[in-house]
>>> print(open('work.cif').read())   # mmCIF, C-alpha atoms
data_query
loop_
_atom_site.group_PDB
_atom_site.id
_atom_site.type_symbol
_atom_site.label_atom_id
_atom_site.label_comp_id
_atom_site.auth_asym_id
_atom_site.auth_seq_id
_atom_site.Cartn_x
_atom_site.Cartn_y
_atom_site.Cartn_z
ATOM 1 C CA MET G 1 -147.496 78.560 -174.121
ATOM 2 C CA SER G 2 -145.835 75.287 -173.197
ATOM 3 C CA ILE G 3 -145.493 73.007 -170.186
ATOM 4 C CA ALA G 4 -142.165 71.978 -168.647
ATOM 5 C CA PHE G 5 -141.147 70.026 -165.548
ATOM 6 C CA ASP G 6 -138.588 70.881 -162.882
ATOM 7 C CA GLU G 7 -136.093 68.465 -161.272
ATOM 8 C CA THR G 8 -138.712 67.184 -158.821
ATOM 9 C CA GLY G 9 -141.223 66.421 -161.580
ATOM 10 C CA ARG G 10 -143.566 69.338 -160.830
ATOM 11 C CA PRO G 11 -145.012 70.966 -163.971
ATOM 12 C CA PHE G 12 -144.890 74.718 -164.671
ATOM 13 C CA ILE G 13 -146.179 76.777 -167.567
ATOM 14 C CA ILE G 14 -143.939 78.843 -169.844
ATOM 15 C CA VAL G 15 -145.733 81.788 -171.439
ATOM 16 C CA ARG G 16 -144.038 83.158 -174.534
ATOM 17 C CA GLU G 17 -145.312 86.729 -174.809
ATOM 18 C CA GLN G 18 -142.385 87.926 -176.855
ATOM 19 C CA ASP G 19 -143.803 86.230 -179.958
ATOM 20 C CA LYS G 20 -146.903 88.415 -179.732
ATOM 21 C CA LYS G 21 -144.975 91.677 -179.458
ATOM 22 C CA GLU G 22 -144.140 93.439 -182.679
ATOM 23 C CA ARG G 23 -141.702 96.287 -183.009
ATOM 24 C CA LEU G 24 -142.993 99.233 -185.012
ATOM 25 C CA LYS G 25 -140.780 100.387 -187.833
ATOM 26 C CA GLY G 26 -140.768 103.039 -190.509
ATOM 27 C CA ILE G 27 -143.931 105.007 -191.169
ATOM 28 C CA GLU G 28 -145.926 103.014 -188.597
ATOM 29 C CA ALA G 29 -143.522 104.106 -185.841
ATOM 30 C CA VAL G 30 -143.810 107.727 -186.981
ATOM 31 C CA LYS G 31 -147.608 107.560 -186.931
ATOM 32 C CA ALA G 32 -147.575 105.985 -183.454
ATOM 33 C CA ASN G 33 -145.450 108.869 -182.149
ATOM 34 C CA ILE G 34 -147.742 111.410 -183.808
ATOM 35 C CA ALA G 35 -150.768 109.726 -182.226
ATOM 36 C CA ALA G 36 -149.210 110.045 -178.750
ATOM 37 C CA ALA G 37 -148.502 113.755 -179.264
ATOM 38 C CA LYS G 38 -152.017 114.347 -180.637
ATOM 39 C CA ALA G 39 -153.539 112.663 -177.576
ATOM 40 C CA VAL G 40 -151.752 115.114 -175.279
ATOM 41 C CA SER G 41 -152.741 118.030 -177.498
ATOM 42 C CA ARG G 42 -156.418 117.025 -177.495
ATOM 43 C CA THR G 43 -156.359 116.856 -173.708
ATOM 44 C CA LEU G 44 -155.260 120.488 -173.445
ATOM 45 C CA ARG G 45 -157.300 121.830 -176.369
ATOM 46 C CA SER G 46 -160.433 122.356 -174.270
ATOM 47 C CA SER G 47 -158.419 124.444 -171.761
ATOM 48 C CA LEU G 48 -157.183 126.970 -174.333
ATOM 49 C CA GLY G 49 -158.275 130.594 -174.250
ATOM 50 C CA PRO G 50 -160.452 132.705 -171.940
ATOM 51 C CA LYS G 51 -163.370 130.288 -172.420
ATOM 52 C CA GLY G 52 -161.193 127.274 -171.693
ATOM 53 C CA MET G 53 -162.444 124.754 -169.166
ATOM 54 C CA ASP G 54 -160.613 123.779 -165.999
ATOM 55 C CA LYS G 55 -159.248 120.290 -165.481
ATOM 56 C CA MET G 56 -159.611 118.409 -162.207
ATOM 57 C CA LEU G 57 -156.526 116.297 -161.532
ATOM 58 C CA GLN G 58 -155.953 113.812 -158.737
ATOM 59 C CA ASN G 59 -152.485 112.543 -157.873
ATOM 60 C CA GLN G 60 -151.492 109.268 -156.249
ATOM 61 C CA ASP G 61 -151.864 110.758 -152.769
ATOM 62 C CA GLY G 62 -155.463 111.746 -153.439
ATOM 63 C CA GLU G 63 -154.766 115.489 -153.657
ATOM 64 C CA VAL G 64 -157.022 117.268 -156.128
ATOM 65 C CA THR G 65 -155.819 120.129 -158.344
ATOM 66 C CA VAL G 66 -158.210 122.283 -160.409
ATOM 67 C CA THR G 67 -156.474 124.370 -163.077
ATOM 68 C CA ASN G 68 -156.490 125.298 -166.760
ATOM 69 C CA ASP G 69 -152.762 126.066 -166.901
ATOM 70 C CA GLY G 70 -151.136 123.865 -169.529
ATOM 71 C CA ALA G 71 -147.811 123.453 -167.720
ATOM 72 C CA THR G 72 -149.525 122.433 -164.480
ATOM 73 C CA ILE G 73 -151.799 119.927 -166.231
ATOM 74 C CA LEU G 74 -148.903 118.267 -168.039
ATOM 75 C CA GLN G 75 -146.796 118.095 -164.874
ATOM 76 C CA GLN G 76 -149.624 116.340 -163.042
ATOM 77 C CA MET G 77 -150.253 113.820 -165.828
ATOM 78 C CA ASP G 78 -148.580 110.417 -165.512
ATOM 79 C CA LEU G 79 -147.191 109.995 -169.011
ATOM 80 C CA GLN G 80 -145.223 106.916 -170.096
ATOM 81 C CA HIS G 81 -144.761 107.510 -173.831
ATOM 82 C CA GLN G 82 -141.477 109.251 -174.665
ATOM 83 C CA ILE G 83 -143.025 111.537 -177.279
ATOM 84 C CA ALA G 84 -145.708 112.573 -174.803
ATOM 85 C CA LYS G 85 -142.931 113.422 -172.331
ATOM 86 C CA LEU G 86 -141.369 115.618 -175.020
ATOM 87 C CA MET G 87 -144.619 117.593 -175.122
ATOM 88 C CA VAL G 88 -144.249 118.169 -171.380
ATOM 89 C CA GLU G 89 -140.695 119.429 -171.927
ATOM 90 C CA LEU G 90 -141.978 121.702 -174.706
ATOM 91 C CA SER G 91 -144.533 123.259 -172.373
ATOM 92 C CA LYS G 92 -141.947 123.601 -169.604
ATOM 93 C CA ALA G 93 -139.500 125.348 -171.937
ATOM 94 C CA GLN G 94 -142.235 127.775 -172.991
ATOM 95 C CA ASP G 95 -143.043 128.489 -169.354
ATOM 96 C CA ASP G 96 -139.390 129.074 -168.416
ATOM 97 C CA GLU G 97 -138.617 131.261 -171.437
ATOM 98 C CA ILE G 98 -141.837 133.282 -171.841
ATOM 99 C CA GLY G 99 -143.974 132.539 -168.784
ATOM 100 C CA ASP G 100 -147.183 132.227 -170.799
ATOM 101 C CA GLY G 101 -148.597 130.258 -173.722
ATOM 102 C CA THR G 102 -147.948 126.826 -172.232
ATOM 103 C CA THR G 103 -151.275 125.491 -173.496
ATOM 104 C CA GLY G 104 -151.135 127.179 -176.895
ATOM 105 C CA VAL G 105 -147.701 125.836 -177.779
ATOM 106 C CA VAL G 106 -148.814 122.238 -177.138
ATOM 107 C CA VAL G 107 -152.042 122.678 -179.108
ATOM 108 C CA LEU G 108 -150.101 124.260 -181.988
ATOM 109 C CA CYS G 109 -147.609 121.395 -181.961
ATOM 110 C CA GLY G 110 -150.453 118.880 -182.083
ATOM 111 C CA ALA G 111 -152.071 120.705 -185.014
ATOM 112 C CA LEU G 112 -148.793 120.746 -186.959
ATOM 113 C CA LEU G 113 -148.287 117.038 -186.360
ATOM 114 C CA GLU G 114 -151.851 116.338 -187.459
ATOM 115 C CA ARG G 115 -151.195 118.126 -190.748
ATOM 116 C CA ALA G 116 -147.887 116.301 -191.071
ATOM 117 C CA GLU G 117 -149.685 112.971 -190.732
ATOM 118 C CA ARG G 118 -151.927 113.856 -193.677
ATOM 119 C CA LEU G 119 -148.876 114.699 -195.796
ATOM 120 C CA ILE G 120 -147.273 111.389 -194.838
ATOM 121 C CA ASP G 121 -150.454 109.583 -195.910
ATOM 122 C CA HIS G 122 -150.054 111.235 -199.326
ATOM 123 C CA GLY G 123 -146.635 109.632 -199.684
ATOM 124 C CA ILE G 124 -144.403 112.551 -198.638
ATOM 125 C CA HIS G 125 -141.354 111.469 -196.654
ATOM 126 C CA PRO G 126 -141.202 112.740 -193.019
ATOM 127 C CA SER G 127 -137.832 114.389 -193.701
ATOM 128 C CA ARG G 128 -139.405 116.474 -196.472
ATOM 129 C CA VAL G 129 -142.259 117.444 -194.176
ATOM 130 C CA SER G 130 -139.760 118.563 -191.537
ATOM 131 C CA GLU G 131 -137.838 120.611 -194.090
ATOM 132 C CA GLY G 132 -141.081 122.235 -195.187
ATOM 133 C CA TYR G 133 -141.909 123.249 -191.624
ATOM 134 C CA GLU G 134 -138.433 124.757 -191.197
ATOM 135 C CA THR G 135 -138.893 126.798 -194.372
ATOM 136 C CA ALA G 136 -142.329 127.925 -193.199
ATOM 137 C CA CYS G 137 -140.811 128.950 -189.862
ATOM 138 C CA ASP G 138 -138.210 131.135 -191.591
ATOM 139 C CA LEU G 139 -140.866 132.790 -193.769
ATOM 140 C CA SER G 140 -143.131 133.371 -190.771
ATOM 141 C CA THR G 141 -140.290 134.927 -188.785
ATOM 142 C CA GLU G 142 -139.491 137.329 -191.628
ATOM 143 C CA LEU G 143 -143.159 138.305 -191.905
ATOM 144 C CA LEU G 144 -143.444 138.905 -188.154
ATOM 145 C CA GLU G 145 -140.378 141.145 -188.251
ATOM 146 C CA ARG G 146 -141.930 143.220 -191.042
ATOM 147 C CA ILE G 147 -145.298 143.696 -189.356
ATOM 148 C CA SER G 148 -143.917 144.057 -185.799
ATOM 149 C CA ASP G 149 -144.272 147.358 -183.960
ATOM 150 C CA GLU G 150 -141.508 148.682 -181.736
ATOM 151 C CA ILE G 151 -142.799 149.788 -178.347
ATOM 152 C CA THR G 152 -141.560 153.113 -177.000
ATOM 153 C CA LEU G 153 -142.275 154.418 -173.533
ATOM 154 C CA ASN G 154 -145.197 156.785 -173.986
ATOM 155 C CA ASP G 155 -148.766 156.780 -172.734
ATOM 156 C CA THR G 156 -150.140 155.205 -175.916
ATOM 157 C CA LYS G 157 -147.736 152.295 -175.885
ATOM 158 C CA LEU G 158 -148.194 151.760 -172.162
ATOM 159 C CA THR G 159 -151.880 151.286 -172.859
ATOM 160 C CA GLU G 160 -151.021 148.662 -175.470
ATOM 161 C CA MET G 161 -148.737 146.877 -173.002
ATOM 162 C CA LYS G 162 -151.539 146.909 -170.457
ATOM 163 C CA LYS G 163 -153.871 145.295 -173.011
ATOM 164 C CA VAL G 164 -151.309 142.539 -173.584
ATOM 165 C CA ALA G 165 -151.108 141.903 -169.840
ATOM 166 C CA MET G 166 -154.913 141.821 -169.589
ATOM 167 C CA THR G 167 -155.041 139.249 -172.387
ATOM 168 C CA THR G 168 -152.785 136.888 -170.463
ATOM 169 C CA LEU G 169 -154.946 137.326 -167.346
ATOM 170 C CA ASN G 170 -158.225 136.521 -169.117
ATOM 171 C CA SER G 171 -157.877 132.788 -168.543
ATOM 172 C CA LYS G 172 -156.676 133.103 -164.948
ATOM 173 C CA ILE G 173 -158.710 133.024 -161.765
ATOM 174 C CA VAL G 174 -157.852 136.700 -161.126
ATOM 175 C CA ASN G 175 -159.528 137.893 -164.346
ATOM 176 C CA ARG G 176 -162.138 139.844 -162.347
ATOM 177 C CA PHE G 177 -159.433 142.337 -161.330
ATOM 178 C CA LYS G 178 -157.349 142.103 -164.491
ATOM 179 C CA ASP G 179 -157.435 145.880 -165.041
ATOM 180 C CA LYS G 180 -155.647 146.713 -161.774
ATOM 181 C CA LEU G 181 -153.359 143.699 -161.874
ATOM 182 C CA ALA G 182 -152.334 144.522 -165.456
ATOM 183 C CA ASP G 183 -151.297 148.024 -164.325
ATOM 184 C CA ILE G 184 -149.235 146.477 -161.516
ATOM 185 C CA CYS G 185 -147.578 143.977 -163.871
ATOM 186 C CA VAL G 186 -146.607 146.616 -166.442
ATOM 187 C CA SER G 187 -145.251 148.981 -163.783
ATOM 188 C CA ALA G 188 -143.265 146.190 -162.108
ATOM 189 C CA VAL G 189 -141.684 145.026 -165.369
ATOM 190 C CA LEU G 190 -140.770 148.543 -166.491
ATOM 191 C CA SER G 191 -139.182 149.322 -163.120
ATOM 192 C CA VAL G 192 -136.645 146.471 -163.465
ATOM 193 C CA ALA G 193 -136.275 146.344 -167.266
ATOM 194 C CA ASP G 194 -132.847 146.830 -168.838
ATOM 195 C CA PHE G 195 -133.699 148.797 -171.981
ATOM 196 C CA ASP G 196 -130.128 148.763 -173.314
ATOM 197 C CA ARG G 197 -129.969 144.967 -173.317
ATOM 198 C CA LYS G 198 -133.718 144.613 -174.002
ATOM 199 C CA ASP G 199 -133.958 142.159 -171.139
ATOM 200 C CA VAL G 200 -136.000 141.801 -167.957
ATOM 201 C CA ASN G 201 -134.657 139.973 -164.921
ATOM 202 C CA LEU G 202 -137.837 138.622 -163.355
ATOM 203 C CA ASP G 203 -135.862 137.552 -160.272
ATOM 204 C CA LEU G 204 -135.884 141.232 -159.264
ATOM 205 C CA ILE G 205 -139.674 141.096 -158.897
ATOM 206 C CA LYS G 206 -140.856 139.412 -155.723
ATOM 207 C CA VAL G 207 -144.439 138.377 -155.028
ATOM 208 C CA GLU G 208 -145.421 138.302 -151.362
ATOM 209 C CA GLY G 209 -148.704 136.797 -150.220
ATOM 210 C CA LYS G 210 -150.297 137.650 -146.871
ATOM 211 C CA VAL G 211 -153.248 135.990 -145.184
ATOM 212 C CA GLY G 212 -156.298 138.217 -144.889
ATOM 213 C CA GLY G 213 -157.560 141.115 -146.961
ATOM 214 C CA LYS G 214 -158.996 140.993 -150.467
ATOM 215 C CA LEU G 215 -157.583 140.470 -153.920
ATOM 216 C CA GLU G 216 -158.200 144.127 -154.784
ATOM 217 C CA ASP G 217 -155.866 145.101 -151.912
ATOM 218 C CA THR G 218 -152.897 144.041 -154.051
ATOM 219 C CA ASN G 219 -150.334 146.831 -154.379
ATOM 220 C CA LEU G 220 -146.953 147.407 -155.967
ATOM 221 C CA VAL G 221 -144.190 148.436 -153.573
ATOM 222 C CA ASN G 222 -141.162 150.006 -155.241
ATOM 223 C CA GLY G 223 -137.895 149.144 -153.524
ATOM 224 C CA ILE G 224 -137.111 146.374 -151.096
ATOM 225 C CA LEU G 225 -139.830 145.106 -148.808
ATOM 226 C CA ALA G 226 -138.756 143.318 -145.634
ATOM 227 C CA ILE G 227 -141.591 141.261 -144.209
ATOM 228 C CA ASP G 228 -141.628 139.106 -141.083
ATOM 229 C CA LYS G 229 -137.958 139.584 -140.266
ATOM 230 C CA ASP G 230 -137.050 138.269 -136.822
ATOM 231 C CA PHE G 231 -134.966 140.219 -134.342
ATOM 232 C CA SER G 232 -131.598 138.726 -133.502
ATOM 233 C CA HIS G 233 -131.916 139.845 -129.848
ATOM 234 C CA PRO G 234 -134.980 140.767 -127.749
ATOM 235 C CA GLN G 235 -133.330 144.005 -126.532
ATOM 236 C CA MET G 236 -132.939 145.384 -130.049
ATOM 237 C CA PRO G 237 -134.952 148.591 -130.673
ATOM 238 C CA ARG G 238 -138.344 148.037 -132.286
ATOM 239 C CA ARG G 239 -138.446 151.397 -134.072
ATOM 240 C CA VAL G 240 -135.638 153.357 -135.706
ATOM 241 C CA GLU G 241 -136.340 156.681 -137.431
ATOM 242 C CA ASP G 242 -134.222 158.050 -140.294
ATOM 243 C CA ALA G 243 -132.209 154.858 -140.231
ATOM 244 C CA LYS G 244 -129.451 153.936 -142.645
ATOM 245 C CA ILE G 245 -130.109 150.397 -143.795
ATOM 246 C CA CYS G 246 -127.476 147.794 -144.595
ATOM 247 C CA ILE G 247 -128.793 144.877 -146.666
ATOM 248 C CA LEU G 248 -126.719 141.700 -146.631
ATOM 249 C CA THR G 249 -127.337 139.158 -149.375
ATOM 250 C CA CYS G 250 -125.140 136.567 -147.685
ATOM 251 C CA PRO G 251 -125.689 134.657 -144.415
ATOM 252 C CA PHE G 252 -124.378 136.544 -141.398
ATOM 253 C CA GLU G 253 -122.290 133.632 -140.156
ATOM 254 C CA PRO G 254 -118.853 132.052 -140.730
ATOM 255 C CA PRO G 255 -118.539 130.543 -144.234
ATOM 256 C CA LYS G 256 -119.105 126.865 -144.842
ATOM 257 C CA PRO G 257 -117.570 124.741 -147.598
ATOM 258 C CA LYS G 258 -119.919 124.096 -150.526
ATOM 259 C CA THR G 259 -118.444 120.656 -151.185
ATOM 260 C CA LYS G 260 -118.496 117.566 -148.985
ATOM 261 C CA HIS G 261 -115.743 117.653 -146.411
ATOM 262 C CA LYS G 262 -114.561 115.908 -143.301
ATOM 263 C CA LEU G 263 -112.786 117.619 -140.422
ATOM 264 C CA GLU G 264 -110.912 115.513 -137.927
ATOM 265 C CA ILE G 265 -109.961 116.990 -134.536
ATOM 266 C CA ASP G 266 -107.873 114.814 -132.256
ATOM 267 C CA SER G 267 -107.324 117.150 -129.285
ATOM 268 C CA VAL G 268 -109.122 119.705 -127.149
ATOM 269 C CA GLU G 269 -106.580 122.410 -128.073
ATOM 270 C CA LYS G 270 -107.326 122.066 -131.788
ATOM 271 C CA TYR G 271 -111.062 122.271 -131.092
ATOM 272 C CA LYS G 272 -110.553 125.485 -129.110
ATOM 273 C CA ASP G 273 -108.406 126.884 -131.931
ATOM 274 C CA MET G 274 -111.195 126.177 -134.400
ATOM 275 C CA GLN G 275 -113.758 127.906 -132.180
ATOM 276 C CA LYS G 276 -111.437 130.878 -131.774
ATOM 277 C CA ALA G 277 -110.912 131.194 -135.534
ATOM 278 C CA GLU G 278 -114.679 131.123 -136.180
ATOM 279 C CA MET G 279 -115.281 133.701 -133.444
ATOM 280 C CA GLU G 280 -112.612 136.036 -134.831
ATOM 281 C CA TYR G 281 -114.097 135.748 -138.321
ATOM 282 C CA PHE G 282 -117.595 136.497 -137.033
ATOM 283 C CA GLN G 283 -116.389 139.442 -134.926
ATOM 284 C CA ASP G 284 -114.632 140.858 -137.987
ATOM 285 C CA MET G 285 -117.907 140.675 -139.955
ATOM 286 C CA VAL G 286 -119.772 142.452 -137.144
ATOM 287 C CA LYS G 287 -117.093 145.147 -136.927
ATOM 288 C CA LYS G 288 -117.250 145.885 -140.676
ATOM 289 C CA VAL G 289 -121.028 146.299 -140.540
ATOM 290 C CA LYS G 290 -120.800 148.470 -137.421
ATOM 291 C CA ASP G 291 -118.103 150.697 -138.947
ATOM 292 C CA SER G 292 -120.339 151.317 -141.953
ATOM 293 C CA GLY G 293 -122.569 153.456 -139.717
ATOM 294 C CA LYS G 294 -125.801 151.703 -140.637
ATOM 295 C CA ALA G 295 -128.395 151.583 -137.864
ATOM 296 C CA CYS G 296 -130.595 148.850 -139.362
ATOM 297 C CA ARG G 297 -129.247 145.628 -140.852
ATOM 298 C CA LEU G 298 -131.154 143.044 -142.814
ATOM 299 C CA ALA G 299 -129.652 139.648 -143.645
ATOM 300 C CA SER G 300 -130.973 136.752 -145.709
#
>>> encode(input="work.cif", output="structure tokens")
Amino acid sequence: MSIAFDETGRPFIIVREQDKKERLKGIEAVKANIAAAKAVSRTLRSSLGPKGMDKMLQNQDGEVTVTNDGATILQQMDLQHQIAKLMVELSKAQDDEIGDGTTGVVVLCGALLERAERLIDHGIHPSRVSEGYETACDLSTELLERISDEITLNDTKLTEMKKVAMTTLNSKIVNRFKDKLADICVSAVLSVADFDRKDVNLDLIKVEGKVGGKLEDTNLVNGILAIDKDFSHPQMPRRVEDAKICILTCPFEPPKPKTKHKLEIDSVEKYKDMQKAEMEYFQDMVKKVKDSGKACRLAS
């Protein structure tokens, strides 16, 4: 700290904080990054498993969230360290790819880094530790492939799939009805699964929540469920029996450009021509649907 004077003779203080700041290098920087990741892992460790405790989180607006879901906890945390943010991305990737295990993957990562820190303290270079983990990953993958069991669609294997679903529901708030909900989950996944590609498009499963009723009233509806669809005109019939249904996945309106655009109209005639073109396009859409012979039409 030093004192200087401006052009009018008034003194002001210069604080030199840069001299006190030290940049971490080498092993110290590695250990600092490991410490940040371990701090995040320890935060989630008590929320792991069916006996895991809930966390109460409060955001800047004062809203309180109570959950033991790892992805939700990490999203609500205000993290500044870059390595800690990588842990959030790790949990998010697990949630997007698998949909479960968001807490376990962070705790496992923290445990691996904790072991890596001990190896570094013994003088092993971080690059060698990383290579060792990659080798261990390859060996573990080979072992899992040898001991894995292929699931075929029979009653025995369906029971095993139900047990897997119940395991994932143990730590959720709906664990009291995990038996019924596990049956619904397995049936829903099998109904949309592509067994040739060994893939499941979860976008084909829609969860609808309605106010009222009880949790045990949850049911699986096979097919397409149209809820709270508004009528386009008040004179439309309220009930149609033995109807042929036409489902439109596109808006029932003239198309709009997806990119930014600007339309300039400098005369009334051009404006009327534009209206006429839109009306003809819309009438053509209506005619195609009407000619299909469908009595009931649903549009997104």
>>> resolve_selection(input="work.cif", expression="the PyMOL selection byres ((chain G and resi 168) around 12)", output="ChimeraX atom specification")
/G:48-50,69,98-104,161-167,169-175,178-179,181-182,185
>>> resolve_selection(input="work.cif", expression="the PyMOL selection byres ((chain G and resi 215) around 10)", output="compact mmCIF listing (two decimals) with C-alpha atoms, in the frame of the given file")
# COMPACT_ATOMS: atom_id res chain seq x y z
CA VAL G 174 -157.85 136.70 -161.13
CA ARG G 176 -162.14 139.84 -162.35
CA PHE G 177 -159.43 142.34 -161.33
CA LEU G 181 -153.36 143.70 -161.87
CA GLY G 212 -156.30 138.22 -144.89
CA GLY G 213 -157.56 141.12 -146.96
CA LYS G 214 -159.00 140.99 -150.47
CA GLU G 216 -158.20 144.13 -154.78
CA ASP G 217 -155.87 145.10 -151.91
CA THR G 218 -152.90 144.04 -154.05
CA ASN G 219 -150.33 146.83 -154.38
>>> resolve_selection(input="work.cif", expression="the PyMOL selection byres ((chain G and resi 121-130) around 12)", output="ChimeraX atom specification")
/G:26-31,34,112-120,131-137
>>> write_last_selection(input="work.cif", atoms="C-alpha atoms", output="PDB file, in the frame of the given file")
ATOM      1  CA  GLY G  26    -140.768 103.039-190.509  1.00  0.00           C
ATOM      2  CA  ILE G  27    -143.931 105.007-191.169  1.00  0.00           C
ATOM      3  CA  GLU G  28    -145.926 103.014-188.597  1.00  0.00           C
ATOM      4  CA  ALA G  29    -143.522 104.106-185.841  1.00  0.00           C
ATOM      5  CA  VAL G  30    -143.810 107.727-186.981  1.00  0.00           C
ATOM      6  CA  LYS G  31    -147.608 107.560-186.931  1.00  0.00           C
ATOM      7  CA  ILE G  34    -147.742 111.410-183.808  1.00  0.00           C
ATOM      8  CA  LEU G 112    -148.793 120.746-186.959  1.00  0.00           C
ATOM      9  CA  LEU G 113    -148.287 117.038-186.360  1.00  0.00           C
ATOM     10  CA  GLU G 114    -151.851 116.338-187.459  1.00  0.00           C
ATOM     11  CA  ARG G 115    -151.195 118.126-190.748  1.00  0.00           C
ATOM     12  CA  ALA G 116    -147.887 116.301-191.071  1.00  0.00           C
ATOM     13  CA  GLU G 117    -149.685 112.971-190.732  1.00  0.00           C
ATOM     14  CA  ARG G 118    -151.927 113.856-193.677  1.00  0.00           C
ATOM     15  CA  LEU G 119    -148.876 114.699-195.796  1.00  0.00           C
ATOM     16  CA  ILE G 120    -147.273 111.389-194.838  1.00  0.00           C
ATOM     17  CA  GLU G 131    -137.838 120.611-194.090  1.00  0.00           C
ATOM     18  CA  GLY G 132    -141.081 122.235-195.187  1.00  0.00           C
ATOM     19  CA  TYR G 133    -141.909 123.249-191.624  1.00  0.00           C
ATOM     20  CA  GLU G 134    -138.433 124.757-191.197  1.00  0.00           C
ATOM     21  CA  THR G 135    -138.893 126.798-194.372  1.00  0.00           C
ATOM     22  CA  ALA G 136    -142.329 127.925-193.199  1.00  0.00           C
ATOM     23  CA  CYS G 137    -140.811 128.950-189.862  1.00  0.00           C
TER      24      CYS G 137
END
>>> atom_distance(input="work.cif", atom1="atom CA of Lys290 of chain G", atom2="atom CA of Cys250 of chain G")
16.3 Å
>>> residues_around(input="work.cif", residues="Gly223 of chain G", least_positions_apart="4", cutoff="10 Å", atoms="all atoms listed in the file", output="ChimeraX atom specification")
/G:191,204-205
>>> atom_distance(input="work.cif", atom1="atom CA of Asp54 of chain G", atom2="atom CA of Asn68 of chain G")
4.5 Å
>>> closest_residue(input="work.cif", among="G:Lys198, G:Val289, G:Val106, G:Met53", to="Ile247 of chain G", atoms="only C-alpha atoms")
G:Val289
>>> closest_residue(input="work.cif", among="G:Gln60, G:Lys270, G:Leu202, G:Thr152", to="Asp96 of chain G", atoms="all atoms listed in the file")
G:Leu202
>>> residues_around(input="work.cif", residues="Ala188 of chain G", least_positions_apart="3", cutoff="9 Å", atoms="only C-alpha atoms", output="number ranges by chain")
G: 183-185, 191-193, 205, 220-222
>>> atom_distance(input="work.cif", atom1="atom CA of Val200 of chain G", atom2="atom CA of Val186 of chain G")
11.7 Å
>>> residues_near_point(input="work.cif", point="(-147.3, 113.2, -156.5)", cutoff="10 Å", atoms="all atoms listed in the file", output="JSON, numbers by chain")
{"G": [58, 59, 60, 61, 62, 63, 75, 76, 77, 78]}
>>> closest_residue(input="work.cif", among="G:Lys92, G:Leu24, G:Leu139, G:Pro254", to="Gln283 of chain G", atoms="only C-alpha atoms")
G:Pro254
>>> closest_residue(input="work.cif", among="G:Ser47, G:Ser267, G:Thr259, G:Asn33", to="Met87 of chain G", atoms="all atoms listed in the file")
G:Asn33
>>> build_atoms(input="work.cif", residues="segment 171-182 of chain G", atoms="N, CA and C atoms", output="mmCIF file, keeping the file's coordinate frame")
data_model
loop_
_atom_site.group_PDB
_atom_site.id
_atom_site.type_symbol
_atom_site.label_atom_id
_atom_site.label_comp_id
_atom_site.auth_asym_id
_atom_site.auth_seq_id
_atom_site.Cartn_x
_atom_site.Cartn_y
_atom_site.Cartn_z
ATOM 1 N N SER G 171 -157.605 134.189 -168.855
ATOM 2 C CA SER G 171 -157.877 132.788 -168.543
ATOM 3 C C SER G 171 -157.476 132.408 -167.121
ATOM 4 N N LYS G 172 -157.088 133.386 -166.321
ATOM 5 C CA LYS G 172 -156.676 133.103 -164.948
ATOM 6 C C LYS G 172 -157.829 133.366 -163.988
ATOM 7 N N ILE G 173 -157.646 132.876 -162.766
ATOM 8 C CA ILE G 173 -158.710 133.024 -161.765
ATOM 9 C C ILE G 173 -158.849 134.472 -161.297
ATOM 10 N N VAL G 174 -157.838 135.299 -161.569
ATOM 11 C CA VAL G 174 -157.852 136.700 -161.126
ATOM 12 C C VAL G 174 -158.403 137.621 -162.212
ATOM 13 N N ASN G 175 -159.094 137.065 -163.218
ATOM 14 C CA ASN G 175 -159.528 137.893 -164.346
ATOM 15 C C ASN G 175 -160.545 138.951 -163.946
ATOM 16 N N ARG G 176 -161.169 138.822 -162.782
ATOM 17 C CA ARG G 176 -162.138 139.844 -162.347
ATOM 18 C C ARG G 176 -161.446 141.166 -162.051
ATOM 19 N N PHE G 177 -160.176 141.121 -161.665
ATOM 20 C CA PHE G 177 -159.433 142.337 -161.330
ATOM 21 C C PHE G 177 -158.249 142.511 -162.287
ATOM 22 N N LYS G 178 -158.449 142.074 -163.539
ATOM 23 C CA LYS G 178 -157.349 142.103 -164.491
ATOM 24 C C LYS G 178 -156.907 143.520 -164.822
ATOM 25 N N ASP G 179 -157.799 144.513 -164.711
ATOM 26 C CA ASP G 179 -157.435 145.880 -165.041
ATOM 27 C C ASP G 179 -156.370 146.400 -164.075
ATOM 28 N N LYS G 180 -156.605 146.230 -162.777
ATOM 29 C CA LYS G 180 -155.647 146.713 -161.774
ATOM 30 C C LYS G 180 -154.379 145.875 -161.779
ATOM 31 N N LEU G 181 -154.530 144.571 -161.889
ATOM 32 C CA LEU G 181 -153.359 143.699 -161.874
ATOM 33 C C LEU G 181 -152.491 143.908 -163.111
ATOM 34 N N ALA G 182 -153.110 144.233 -164.255
ATOM 35 C CA ALA G 182 -152.334 144.522 -165.456
ATOM 36 C C ALA G 182 -151.494 145.775 -165.268
#
